[in-house]
>>> print(open('upload.pdb').read())   # PDB, C-alpha atoms
ATOM      1  CA  MET T   1     154.891 363.322  99.958
ATOM      2  CA  HIS T   2     151.341 364.179  98.981
ATOM      3  CA  GLU T   3     149.327 361.973 101.343
ATOM      4  CA  LEU T   4     151.398 362.819 104.432
ATOM      5  CA  GLY T   5     150.712 366.544 103.977
ATOM      6  CA  ILE T   6     147.020 365.839 103.502
ATOM      7  CA  VAL T   7     146.747 363.697 106.623
ATOM      8  CA  ILE T   8     148.615 366.292 108.693
ATOM      9  CA  GLU T   9     145.989 368.826 107.560
ATOM     10  CA  VAL T  10     143.237 366.358 108.542
ATOM     11  CA  VAL T  11     144.814 365.953 111.986
ATOM     12  CA  LYS T  12     144.888 369.740 112.475
ATOM     13  CA  GLN T  13     141.205 370.013 111.594
ATOM     14  CA  VAL T  14     140.183 367.150 113.872
ATOM     15  CA  GLU T  15     142.173 368.640 116.757
ATOM     16  CA  GLN T  16     140.458 371.962 116.187
ATOM     17  CA  PHE T  17     137.060 370.273 116.180
ATOM     18  CA  ALA T  18     137.960 368.375 119.371
ATOM     19  CA  SER T  19     139.023 371.510 121.214
ATOM     20  CA  GLU T  20     135.883 373.366 120.115
ATOM     21  CA  HIS T  21     133.660 370.505 121.268
ATOM     22  CA  ASN T  22     135.579 369.679 124.410
ATOM     23  CA  VAL T  23     136.492 366.182 123.234
ATOM     24  CA  LYS T  24     139.345 364.729 125.284
ATOM     25  CA  THR T  25     139.899 361.287 123.798
ATOM     26  CA  ILE T  26     139.199 359.886 120.373
ATOM     27  CA  ASP T  27     138.968 356.199 119.575
ATOM     28  CA  THR T  28     138.398 356.225 115.806
ATOM     29  CA  LEU T  29     138.535 358.749 112.992
ATOM     30  CA  VAL T  30     136.290 358.135 109.993
ATOM     31  CA  LEU T  31     137.231 359.582 106.614
ATOM     32  CA  GLU T  32     135.070 359.490 103.529
ATOM     33  CA  ILE T  33     137.043 359.082 100.315
ATOM     34  CA  GLY T  34     135.474 359.014  96.875
ATOM     35  CA  GLU T  35     136.728 356.639  94.202
ATOM     36  CA  LEU T  36     137.192 359.632  91.880
ATOM     37  CA  SER T  37     138.819 361.944  94.427
ATOM     38  CA  SER T  38     142.444 361.158  93.449
ATOM     39  CA  VAL T  39     143.135 360.366  97.109
ATOM     40  CA  ILE T  40     144.420 356.823  97.532
ATOM     41  CA  PRO T  41     143.085 355.119 100.697
ATOM     42  CA  ARG T  42     145.992 352.656 100.876
ATOM     43  CA  TYR T  43     148.516 355.530 101.091
ATOM     44  CA  ILE T  44     146.424 357.406 103.620
ATOM     45  CA  GLU T  45     146.433 354.290 105.838
ATOM     46  CA  GLU T  46     150.176 353.928 105.395
ATOM     47  CA  VAL T  47     151.082 357.468 106.483
ATOM     48  CA  TYR T  48     148.409 357.776 109.183
ATOM     49  CA  PRO T  49     150.568 356.529 112.113
ATOM     50  CA  MET T  50     153.334 359.011 111.165
ATOM     51  CA  ALA T  51     150.960 361.933 110.753
ATOM     52  CA  VAL T  52     149.253 361.399 114.120
ATOM     53  CA  GLU T  53     152.430 360.619 116.072
ATOM     54  CA  LYS T  54     152.634 363.963 117.868
ATOM     55  CA  SER T  55     148.924 364.693 118.040
ATOM     56  CA  MET T  56     145.928 363.762 120.156
ATOM     57  CA  LEU T  57     145.087 361.211 117.463
ATOM     58  CA  LYS T  58     148.090 359.079 118.408
ATOM     59  CA  ASN T  59     147.032 355.419 118.799
ATOM     60  CA  THR T  60     143.575 356.087 117.315
ATOM     61  CA  LYS T  61     142.029 353.831 114.718
ATOM     62  CA  LEU T  62     141.444 355.029 111.178
ATOM     63  CA  LYS T  63     138.363 353.937 109.289
ATOM     64  CA  ILE T  64     137.947 354.810 105.626
ATOM     65  CA  GLU T  65     134.551 354.692 103.939
ATOM     66  CA  ILE T  66     134.739 354.581 100.177
ATOM     67  CA  THR T  67     132.033 356.347  98.186
ATOM     68  CA  PRO T  68     131.504 354.845  94.732
ATOM     69  CA  GLY T  69     132.524 356.790  91.620
ATOM     70  CA  LEU T  70     129.125 356.912  89.989
ATOM     71  CA  GLY T  71     128.268 358.772  86.839
ATOM     72  CA  LYS T  72     125.664 359.145  84.155
ATOM     73  CA  CYS T  73     126.491 358.647  80.500
ATOM     74  CA  ASP T  74     126.186 361.911  78.533
ATOM     75  CA  ASP T  75     125.164 360.044  75.400
ATOM     76  CA  CYS T  76     122.669 357.348  76.426
ATOM     77  CA  GLY T  77     121.859 358.421  79.991
ATOM     78  CA  PHE T  78     122.878 355.088  81.536
ATOM     79  CA  GLY T  79     124.042 355.288  85.163
ATOM     80  CA  TYR T  80     127.201 353.300  85.956
ATOM     81  CA  ASN T  81     130.320 353.111  88.119
ATOM     82  CA  ILE T  82     132.891 355.196  86.236
ATOM     83  CA  ALA T  83     135.848 354.018  88.317
ATOM     84  CA  GLN T  84     135.095 350.311  87.825
ATOM     85  CA  ASN T  85     134.177 350.460  84.149
ATOM     86  CA  ASN T  86     137.407 351.978  82.873
ATOM     87  CA  ARG T  87     135.600 355.308  82.351
ATOM     88  CA  THR T  88     133.563 353.805  79.522
ATOM     89  CA  CYS T  89     129.800 353.411  79.402
ATOM     90  CA  PRO T  90     129.106 349.636  79.510
ATOM     91  CA  LYS T  91     125.901 350.166  77.516
ATOM     92  CA  CYS T  92     126.957 352.365  74.577
ATOM     93  CA  GLY T  93     130.772 352.654  74.871
ATOM     94  CA  SER T  94     130.799 356.451  75.275
ATOM     95  CA  HIS T  95     133.645 358.134  77.193
ATOM     96  CA  ASP T  96     131.571 361.199  78.118
ATOM     97  CA  TRP T  97     129.987 361.249  81.531
ATOM     98  CA  THR T  98     128.818 363.503  84.296
ATOM     99  CA  ILE T  99     129.938 362.617  87.802
ATOM    100  CA  ILE T 100     127.186 361.948  90.339
ATOM    101  CA  SER T 101     129.333 360.884  93.307
ATOM    102  CA  GLY T 102     132.865 359.869  94.205
ATOM    103  CA  LYS T 103     134.721 363.202  94.314
ATOM    104  CA  GLU T 104     134.380 363.476  98.114
ATOM    105  CA  PHE T 105     137.261 363.746 100.504
ATOM    106  CA  ASN T 106     135.674 364.468 103.856
ATOM    107  CA  ILE T 107     136.339 364.149 107.545
ATOM    108  CA  LYS T 108     133.122 362.303 108.353
ATOM    109  CA  GLU T 109     133.057 361.671 112.087
ATOM    110  CA  ILE T 110     134.922 360.604 115.185
ATOM    111  CA  TYR T 111     134.070 357.941 117.757
ATOM    112  CA  THR T 112     134.783 359.065 121.258
ATOM    113  CA  ALA T 113     134.752 357.031 124.421
TER     114      ALA T 113
ATOM    115  CA  MET Z 114     132.217 345.858 123.347
ATOM    116  CA  GLU Z 115     132.828 349.420 124.373
ATOM    117  CA  ASN Z 116     130.191 351.971 123.692
ATOM    118  CA  PHE Z 117     131.253 354.952 121.667
ATOM    119  CA  ARG Z 118     129.687 358.260 121.009
ATOM    120  CA  VAL Z 119     129.745 359.281 117.359
ATOM    121  CA  LEU Z 120     130.429 362.943 116.703
ATOM    122  CA  GLU Z 121     129.689 364.060 113.190
ATOM    123  CA  ILE Z 122     132.216 366.440 111.647
ATOM    124  CA  GLN Z 123     131.247 366.321 107.945
ATOM    125  CA  LYS Z 124     133.869 368.709 106.705
ATOM    126  CA  ARG Z 125     135.664 368.801 103.390
ATOM    127  CA  VAL Z 126     139.411 368.379 103.943
ATOM    128  CA  TYR Z 127     140.165 371.189 101.477
ATOM    129  CA  GLU Z 128     137.708 373.585 103.099
ATOM    130  CA  ASN Z 129     140.274 375.430 105.255
ATOM    131  CA  ASN Z 130     142.525 375.947 102.256
ATOM    132  CA  ASP Z 131     139.669 377.231 100.102
ATOM    133  CA  LEU Z 132     138.611 379.722 102.791
ATOM    134  CA  GLU Z 133     142.184 380.944 103.194
ATOM    135  CA  ALA Z 134     142.523 381.294  99.400
ATOM    136  CA  GLU Z 135     139.327 383.336  99.177
ATOM    137  CA  LYS Z 136     140.539 385.615 101.967
ATOM    138  CA  LEU Z 137     143.862 386.080 100.209
ATOM    139  CA  ARG Z 138     142.141 386.967  96.917
ATOM    140  CA  GLY Z 139     140.151 389.638  98.751
ATOM    141  CA  GLU Z 140     143.331 391.160 100.166
ATOM    142  CA  LEU Z 141     144.995 391.129  96.753
ATOM    143  CA  LYS Z 142     141.996 392.939  95.311
ATOM    144  CA  LYS Z 143     142.202 395.578  98.025
ATOM    145  CA  ASN Z 144     145.938 396.054  97.444
ATOM    146  CA  ARG Z 145     145.548 396.071  93.655
ATOM    147  CA  THR Z 146     147.870 393.141  93.112
ATOM    148  CA  PHE Z 147     147.238 390.535  90.424
ATOM    149  CA  LEU Z 148     148.424 387.029  91.350
ATOM    150  CA  LEU Z 149     149.039 384.467  88.604
ATOM    151  CA  ASN Z 150     149.476 380.834  89.622
ATOM    152  CA  LEU Z 151     151.636 379.214  86.967
ATOM    153  CA  MET Z 152     151.742 375.435  86.854
ATOM    154  CA  SER Z 153     153.383 372.849  84.618
ATOM    155  CA  SER Z 154     155.496 369.726  84.640
ATOM    156  CA  PRO Z 155     159.248 370.053  85.280
ATOM    157  CA  GLY Z 156     161.225 371.195  82.250
ATOM    158  CA  SER Z 157     158.317 372.727  80.330
ATOM    159  CA  GLY Z 158     160.074 376.089  80.004
ATOM    160  CA  LYS Z 159     158.268 377.731  82.892
ATOM    161  CA  THR Z 160     161.173 379.878  84.080
ATOM    162  CA  THR Z 161     162.188 380.930  80.547
ATOM    163  CA  SER Z 162     158.576 381.883  79.790
ATOM    164  CA  VAL Z 163     158.392 383.844  83.055
ATOM    165  CA  VAL Z 164     161.539 385.818  82.158
ATOM    166  CA  SER Z 165     160.202 386.589  78.635
ATOM    167  CA  THR Z 166     156.872 387.713  80.088
ATOM    168  CA  ILE Z 167     158.619 390.004  82.597
ATOM    169  CA  ASN Z 168     160.734 391.542  79.844
ATOM    170  CA  ILE Z 169     157.634 392.484  77.871
ATOM    171  CA  LEU Z 170     155.614 393.817  80.831
ATOM    172  CA  LYS Z 171     158.231 395.348  83.137
ATOM    173  CA  GLU Z 172     158.043 398.852  81.646
ATOM    174  CA  ASP Z 173     154.338 399.040  82.459
ATOM    175  CA  MET Z 174     154.160 397.615  85.978
ATOM    176  CA  LYS Z 175     155.983 396.503  89.095
ATOM    177  CA  ILE Z 176     156.452 392.742  88.934
ATOM    178  CA  GLY Z 177     157.392 390.141  91.511
ATOM    179  CA  VAL Z 178     158.028 386.418  91.208
ATOM    180  CA  ILE Z 179     157.658 383.724  93.835
ATOM    181  CA  GLU Z 180     159.688 380.686  92.844
ATOM    182  CA  ALA Z 181     158.436 377.547  94.518
ATOM    183  CA  ASP Z 182     160.593 374.458  94.482
ATOM    184  CA  ILE Z 183     161.233 371.474  96.651
ATOM    185  CA  ASP Z 184     164.865 372.595  96.862
ATOM    186  CA  SER Z 185     167.546 374.898  95.296
ATOM    187  CA  ASP Z 186     167.408 378.497  94.110
ATOM    188  CA  VAL Z 187     168.580 378.141  90.492
ATOM    189  CA  ASP Z 188     165.289 379.470  89.103
ATOM    190  CA  ALA Z 189     165.262 382.434  91.470
ATOM    191  CA  ILE Z 190     168.771 383.413  90.359
ATOM    192  CA  THR Z 191     167.774 383.164  86.674
ATOM    193  CA  VAL Z 192     164.615 385.221  87.153
ATOM    194  CA  SER Z 193     166.293 387.888  89.306
ATOM    195  CA  LYS Z 194     168.446 388.835  86.295
ATOM    196  CA  SER Z 195     165.282 390.102  84.574
ATOM    197  CA  GLY Z 196     164.994 392.900  87.115
ATOM    198  CA  ALA Z 197     161.850 391.608  88.804
ATOM    199  CA  LYS Z 198     161.671 391.210  92.548
ATOM    200  CA  VAL Z 199     162.153 387.519  93.332
ATOM    201  CA  MET Z 200     161.828 385.278  96.342
ATOM    202  CA  GLN Z 201     162.419 381.568  96.665
ATOM    203  CA  LEU Z 202     159.890 379.450  98.499
ATOM    204  CA  HIS Z 203     160.865 375.939  99.565
ATOM    205  CA  SER Z 204     158.061 373.464 100.017
ATOM    206  CA  GLY Z 205     160.240 371.165 102.132
ATOM    207  CA  GLY Z 206     159.591 368.098 100.021
ATOM    208  CA  MET Z 207     155.887 368.706  99.496
ATOM    209  CA  CYS Z 208     154.623 368.213  95.941
ATOM    210  CA  HIS Z 209     152.254 371.176  95.973
ATOM    211  CA  LEU Z 210     151.702 374.588  97.550
ATOM    212  CA  ASP Z 211     148.668 375.606  99.553
ATOM    213  CA  ALA Z 212     147.118 378.995 100.208
ATOM    214  CA  GLY Z 213     149.058 379.387 103.458
ATOM    215  CA  MET Z 214     152.368 378.998 101.637
ATOM    216  CA  ALA Z 215     151.234 381.437  98.939
ATOM    217  CA  ARG Z 216     150.469 383.972 101.645
ATOM    218  CA  GLU Z 217     153.914 383.460 103.172
ATOM    219  CA  GLY Z 218     155.543 384.153  99.796
ATOM    220  CA  LEU Z 219     153.413 387.247  99.180
ATOM    221  CA  ASP Z 220     154.275 388.628 102.622
ATOM    222  CA  ILE Z 221     158.011 388.146 102.157
ATOM    223  CA  ILE Z 222     157.994 389.752  98.705
ATOM    224  CA  ASN Z 223     155.876 392.691  99.994
ATOM    225  CA  SER Z 224     153.219 392.141  97.379
ATOM    226  CA  GLU Z 225     151.199 395.234  98.342
ATOM    227  CA  ASP Z 226     153.868 397.313  96.542
ATOM    228  CA  LEU Z 227     153.577 395.215  93.378
ATOM    229  CA  ASP Z 228     151.066 395.255  90.495
ATOM    230  CA  PHE Z 229     151.674 391.740  89.300
ATOM    231  CA  VAL Z 230     153.028 388.642  91.037
ATOM    232  CA  ILE Z 231     153.769 385.369  89.279
ATOM    233  CA  LEU Z 232     153.771 382.341  91.530
ATOM    234  CA  GLU Z 233     155.822 379.699  89.776
ATOM    235  CA  ASN Z 234     154.361 376.567  91.299
ATOM    236  CA  ILE Z 235     156.202 373.286  91.815
ATOM    237  CA  GLY Z 236     156.706 371.345  88.582
ATOM    238  CA  ASN Z 237     153.913 368.792  88.799
ATOM    239  CA  LEU Z 238     150.701 368.327  86.810
ATOM    240  CA  ILE Z 239     148.852 366.409  89.510
ATOM    241  CA  CYS Z 240     148.727 367.715  93.092
ATOM    242  CA  PRO Z 241     148.810 371.508  92.463
ATOM    243  CA  ALA Z 242     145.500 371.142  90.607
ATOM    244  CA  SER Z 243     143.726 370.417  93.912
ATOM    245  CA  TYR Z 244     144.771 373.619  95.689
ATOM    246  CA  ASP Z 245     143.302 377.095  95.300
ATOM    247  CA  LEU Z 246     146.146 379.500  96.124
ATOM    248  CA  GLY Z 247     144.109 382.684  96.029
ATOM    249  CA  ALA Z 248     145.326 383.542  92.526
ATOM    250  CA  VAL Z 249     143.297 385.794  90.247
ATOM    251  CA  LYS Z 250     144.068 383.545  87.276
ATOM    252  CA  ASN Z 251     145.502 380.063  87.026
ATOM    253  CA  ALA Z 252     147.687 379.224  84.064
ATOM    254  CA  MET Z 253     149.562 376.160  82.932
ATOM    255  CA  ILE Z 254     152.273 375.468  80.410
ATOM    256  CA  LEU Z 255     152.393 372.410  78.187
ATOM    257  CA  SER Z 256     155.545 372.225  76.096
ATOM    258  CA  VAL Z 257     155.591 370.684  72.646
ATOM    259  CA  PRO Z 258     158.154 367.966  73.595
ATOM    260  CA  GLU Z 259     155.815 366.689  76.332
ATOM    261  CA  GLY Z 260     153.287 365.599  73.733
ATOM    262  CA  ASP Z 261     149.701 366.353  72.743
ATOM    263  CA  ASP Z 262     148.267 363.501  74.840
ATOM    264  CA  LYS Z 263     148.766 365.253  78.183
ATOM    265  CA  PRO Z 264     145.190 366.602  78.480
ATOM    266  CA  LEU Z 265     144.043 362.973  78.341
ATOM    267  CA  LYS Z 266     146.466 361.932  81.080
ATOM    268  CA  TYR Z 267     146.103 364.885  83.460
ATOM    269  CA  PRO Z 268     142.500 366.018  82.911
ATOM    270  CA  LYS Z 269     142.103 367.687  86.300
ATOM    271  CA  MET Z 270     144.881 370.214  85.711
ATOM    272  CA  PHE Z 271     143.636 371.073  82.208
ATOM    273  CA  SER Z 272     140.070 371.428  83.409
ATOM    274  CA  LYS Z 273     140.939 373.815  86.252
ATOM    275  CA  VAL Z 274     143.119 376.467  84.588
ATOM    276  CA  ASP Z 275     142.006 379.695  82.903
ATOM    277  CA  VAL Z 276     144.875 379.732  80.432
ATOM    278  CA  LEU Z 277     146.978 377.154  78.617
ATOM    279  CA  LEU Z 278     150.310 378.205  77.156
ATOM    280  CA  ILE Z 279     151.667 375.748  74.608
ATOM    281  CA  SER Z 280     155.403 376.438  74.834
ATOM    282  CA  LYS Z 281     158.536 375.615  72.840
ATOM    283  CA  ILE Z 282     156.622 375.834  69.548
ATOM    284  CA  ASP Z 283     159.961 376.456  67.810
ATOM    285  CA  THR Z 284     160.657 372.711  68.308
ATOM    286  CA  VAL Z 285     157.515 371.509  66.540
ATOM    287  CA  SER Z 286     159.385 370.225  63.465
ATOM    288  CA  VAL Z 287     161.194 367.672  65.650
ATOM    289  CA  PHE Z 288     158.191 366.445  67.607
ATOM    290  CA  ASN Z 289     154.931 364.918  66.552
ATOM    291  CA  PHE Z 290     152.607 367.465  68.161
ATOM    292  CA  ASP Z 291     149.070 368.069  66.958
ATOM    293  CA  PHE Z 292     147.887 371.564  68.022
ATOM    294  CA  GLU Z 293     144.345 370.963  66.853
ATOM    295  CA  ALA Z 294     144.093 367.718  68.826
ATOM    296  CA  VAL Z 295     145.266 369.511  71.981
ATOM    297  CA  LYS Z 296     142.782 372.334  71.506
ATOM    298  CA  GLU Z 297     139.967 369.874  70.933
ATOM    299  CA  ARG Z 298     140.903 367.765  73.992
ATOM    300  CA  VAL Z 299     141.337 370.795  76.213
ATOM    301  CA  THR Z 300     138.154 372.573  75.130
ATOM    302  CA  LYS Z 301     136.180 369.435  75.824
ATOM    303  CA  LEU Z 302     137.443 369.452  79.423
ATOM    304  CA  ASN Z 303     137.290 373.208  79.798
ATOM    305  CA  PRO Z 304     135.116 375.130  77.307
ATOM    306  CA  THR Z 305     136.185 378.639  78.453
ATOM    307  CA  ILE Z 306     139.964 378.062  78.477
ATOM    308  CA  LYS Z 307     142.229 380.534  76.622
ATOM    309  CA  VAL Z 308     145.020 378.927  74.603
ATOM    310  CA  PHE Z 309     148.201 380.680  73.465
ATOM    311  CA  ALA Z 310     151.028 379.078  71.478
ATOM    312  CA  ILE Z 311     154.370 380.595  72.429
ATOM    313  CA  SER Z 312     158.101 380.291  72.065
ATOM    314  CA  ALA Z 313     160.006 382.181  74.723
ATOM    315  CA  LYS Z 314     163.149 381.561  72.680
ATOM    316  CA  THR Z 315     162.040 383.146  69.374
ATOM    317  CA  GLY Z 316     159.407 385.423  70.933
ATOM    318  CA  GLU Z 317     156.636 383.977  68.748
ATOM    319  CA  GLY Z 318     153.201 384.350  70.352
ATOM    320  CA  MET Z 319     154.600 386.196  73.381
ATOM    321  CA  GLN Z 320     152.967 389.520  72.465
ATOM    322  CA  GLU Z 321     149.487 387.943  72.177
ATOM    323  CA  TRP Z 322     149.854 386.223  75.536
ATOM    324  CA  CYS Z 323     151.220 389.350  77.221
ATOM    325  CA  SER Z 324     148.518 391.652  75.813
ATOM    326  CA  TRP Z 325     145.822 389.338  77.136
ATOM    327  CA  LEU Z 326     147.597 389.169  80.500
ATOM    328  CA  LYS Z 327     148.096 392.933  80.662
ATOM    329  CA  GLU Z 328     144.419 393.499  79.979
ATOM    330  CA  GLU Z 329     143.458 391.093  82.781
ATOM    331  CA  ILE Z 330     145.896 392.766  85.199
ATOM    332  CA  ILE Z 331     144.508 396.225  84.421
ATOM    333  CA  LYS Z 332     140.952 394.933  84.806
ATOM    334  CA  TRP Z 333     141.702 393.479  88.258
ATOM    335  CA  ASN Z 334     143.814 396.371  89.509
ATOM    336  CA  THR Z 335     141.440 399.182  88.562
ATOM    337  CA  LYS Z 336     137.918 397.897  89.110
TER     338      LYS Z 336
END
>>> encode(input="upload.pdb", output="structure tokens")
Amino acid sequence: MHELGIVIEVVKQVEQFASEHNVKTIDTLVLEIGELSSVIPRYIEEVYPMAVEKSMLKNTKLKIEITPGLGKCDDCGFGYNIAQNNRTCPKCGSHDWTIISGKEFNIKEIYTA
Amino acid sequence: MENFRVLEIQKRVYENNDLEAEKLRGELKKNRTFLLNLMSSPGSGKTTSVVSTINILKEDMKIGVIEADIDSDVDAITVSKSGAKVMQLHSGGMCHLDAGMAREGLDIINSEDLDFVILENIGNLICPASYDLGAVKNAMILSVPEGDDKPLKYPKMFSKVDVLLISKIDTVSVFNFDFEAVKERVTKLNPTIKVFAISAKTGEGMQEWCSWLKEEIIKWNTK
């Protein structure tokens, strides 16, 4: 029940934005989800139609842009994709890293007619 | 092809919750109420630890407890026997609370008349870690039977809390639990974390935990 609650919150925020900016119809909602954000795009897509059912986002398209989970190795300084390398530095094998990107979970933009 | 206008929103999804939490913390400060957000997995001894904590502190302050669960009121009934003011919050199937729900609980329990409120969060080590509830301190319980590998599996929770209570230490002879390994794993994720080892059943470690807590409550409620 985690993703549904999140998407309902997203819907509320988009509706608020729309009313503040006098937007009447929305075609597409674009979300930005980081690979290290613990939000799973597949589940967001699955619950989206249910979450928007009674809102102005009904029948809109959902577009998800994934930001890569990039980090820098704390030991050798090598930059690599943490999410795709099993959280292990491919150069020196260290498990210590500092995240550079991929924690985002943002409402990026809407396309309106 | 239709032509669309792109309107940039660029807003963090959690932003509304974080603003609400910050507002709530300000109100708690004004009313001299200390809110503790207590998180753990189900069955870690959260309710038993809450009751023990109340029993030690209840002479010194007015305490309230908000019990959050998906369903039932068994915990609220148990805790109400300690003499603290208790209310049951149902999340309606949701796996976590947000600042709005915390506010609802605080309103119902009349928190402005209380010195200390414990919010017993839903038993879950994952989702509650993402939500600021406006608490003054965030604590979590890891019980010995759950195992010393949990900081490796749920790093976000361990890295976000101010305090870790290792509970059920009276069972350590039955389980393979390495305290030093936990401390090392946790400190790596969270260098400023306070760790207390407790047994609500035998009372071991409860005084140390409660003296630290009492000091923090006094600090918040007087400054």
>>> atom_distance(input="upload.pdb", atom1="CA of Phe117 (chain Z)", atom2="CA of Glu65 (chain T)")
18.0 Å
>>> resolve_selection(input="upload.pdb", expression="the PyMOL selection byres ((chain T) within 6 of (chain Z))", output="number ranges by chain")
T: 1, 106-113
>>> residues_near_point(input="upload.pdb", point="(147.5, 377.0, 73.6)", cutoff="7 Å", atoms="all atoms listed in the file", output="list in words")
Leu277, Leu278, Ile279, Lys296, Val308, Phe309 and Ala310 of chain Z
>>> write_last_selection(input="upload.pdb", atoms="C-alpha atoms", output="compact mmCIF listing (two decimals), in the frame of the given file")
# COMPACT_ATOMS: atom_id res chain seq x y z
CA LEU Z 277 146.98 377.15 78.62
CA LEU Z 278 150.31 378.20 77.16
CA ILE Z 279 151.67 375.75 74.61
CA LYS Z 296 142.78 372.33 71.51
CA VAL Z 308 145.02 378.93 74.60
CA PHE Z 309 148.20 380.68 73.46
CA ALA Z 310 151.03 379.08 71.48
>>> closest_residue(input="upload.pdb", among="Z:Val287, Z:Ala197, Z:Val178, Z:Val249", to="Glu329 (chain Z)", atoms="only C-alpha atoms")
Z:Val249
>>> residues_around(input="upload.pdb", residues="region 257-266 of chain Z", least_positions_apart="2", cutoff="9 Å", atoms="all atoms listed in the file", output="count of residues only")
26
>>> atom_distance(input="upload.pdb", atom1="CA of Lys327 (chain Z)", atom2="CA of Leu132 (chain Z)")
27.5 Å
>>> atom_distance(input="upload.pdb", atom1="CA of Ile82 (chain T)", atom2="CA of Ser101 (chain T)")
9.7 Å
>>> resolve_selection(input="upload.pdb", expression="the PyMOL selection byres ((chain Z and resi 248) around 6)", output="list in words")
Leu148, Leu149, Asn150, Leu246, Gly247, Val249 and Lys250 of chain Z
>>> resolve_selection(input="upload.pdb", expression="the PyMOL selection byres ((chain T and resi 61) around 12)", output="ChimeraX atom specification")
/T:25-31,45,48-49,52,56-60,62-64,110-112
>>> write_last_selection(input="upload.pdb", atoms="C-alpha atoms", output="PDB file, in the coordinates of the input")
ATOM      1  CA  THR T  25     139.899 361.287 123.798  1.00  0.00           C
ATOM      2  CA  ILE T  26     139.199 359.886 120.373  1.00  0.00           C
ATOM      3  CA  ASP T  27     138.968 356.199 119.575  1.00  0.00           C
ATOM      4  CA  THR T  28     138.398 356.225 115.806  1.00  0.00           C
ATOM      5  CA  LEU T  29     138.535 358.749 112.992  1.00  0.00           C
ATOM      6  CA  VAL T  30     136.290 358.135 109.993  1.00  0.00           C
ATOM      7  CA  LEU T  31     137.231 359.582 106.614  1.00  0.00           C
ATOM      8  CA  GLU T  45     146.433 354.290 105.838  1.00  0.00           C
ATOM      9  CA  TYR T  48     148.409 357.776 109.183  1.00  0.00           C
ATOM     10  CA  PRO T  49     150.568 356.529 112.113  1.00  0.00           C
ATOM     11  CA  VAL T  52     149.253 361.399 114.120  1.00  0.00           C
ATOM     12  CA  MET T  56     145.928 363.762 120.156  1.00  0.00           C
ATOM     13  CA  LEU T  57     145.087 361.211 117.463  1.00  0.00           C
ATOM     14  CA  LYS T  58     148.090 359.079 118.408  1.00  0.00           C
ATOM     15  CA  ASN T  59     147.032 355.419 118.799  1.00  0.00           C
ATOM     16  CA  THR T  60     143.575 356.087 117.315  1.00  0.00           C
ATOM     17  CA  LEU T  62     141.444 355.029 111.178  1.00  0.00           C
ATOM     18  CA  LYS T  63     138.363 353.937 109.289  1.00  0.00           C
ATOM     19  CA  ILE T  64     137.947 354.810 105.626  1.00  0.00           C
ATOM     20  CA  ILE T 110     134.922 360.604 115.185  1.00  0.00           C
ATOM     21  CA  TYR T 111     134.070 357.941 117.757  1.00  0.00           C
ATOM     22  CA  THR T 112     134.783 359.065 121.258  1.00  0.00           C
TER      23      THR T 112
END
>>> closest_residue(input="upload.pdb", among="T:Ala83, T:Ala51, T:Leu70, T:Cys76", to="Ile8 (chain T)", atoms="all atoms listed in the file")
T:Ala51
>>> residues_around(input="upload.pdb", residues="region 161-170 of chain Z", least_positions_apart="6", cutoff="10 Å", atoms="only C-alpha atoms", output="ChimeraX atom specification")
/Z:151,176-178,188,191-197,229,231-233,254,278,280-281,311-314,316,319-320,322-324,326-327
>>> residues_around(input="upload.pdb", residues="Glu217 (chain Z)", least_positions_apart="5", cutoff="9 Å", atoms="all atoms listed in the file", output="PyMOL selection string")
chain Z and resi 202+212+222
>>> write_last_selection(input="upload.pdb", atoms="C-alpha atoms", output="short mmCIF file (atom, residue, chain, number, x, y, z; two decimals), in the coordinates of the input")
data_model
loop_
_atom_site.label_atom_id
_atom_site.label_comp_id
_atom_site.auth_asym_id
_atom_site.auth_seq_id
_atom_site.Cartn_x
_atom_site.Cartn_y
_atom_site.Cartn_z
CA LEU Z 202 159.89 379.45 98.50
CA ALA Z 212 147.12 379.00 100.21
CA ILE Z 222 157.99 389.75 98.70
#
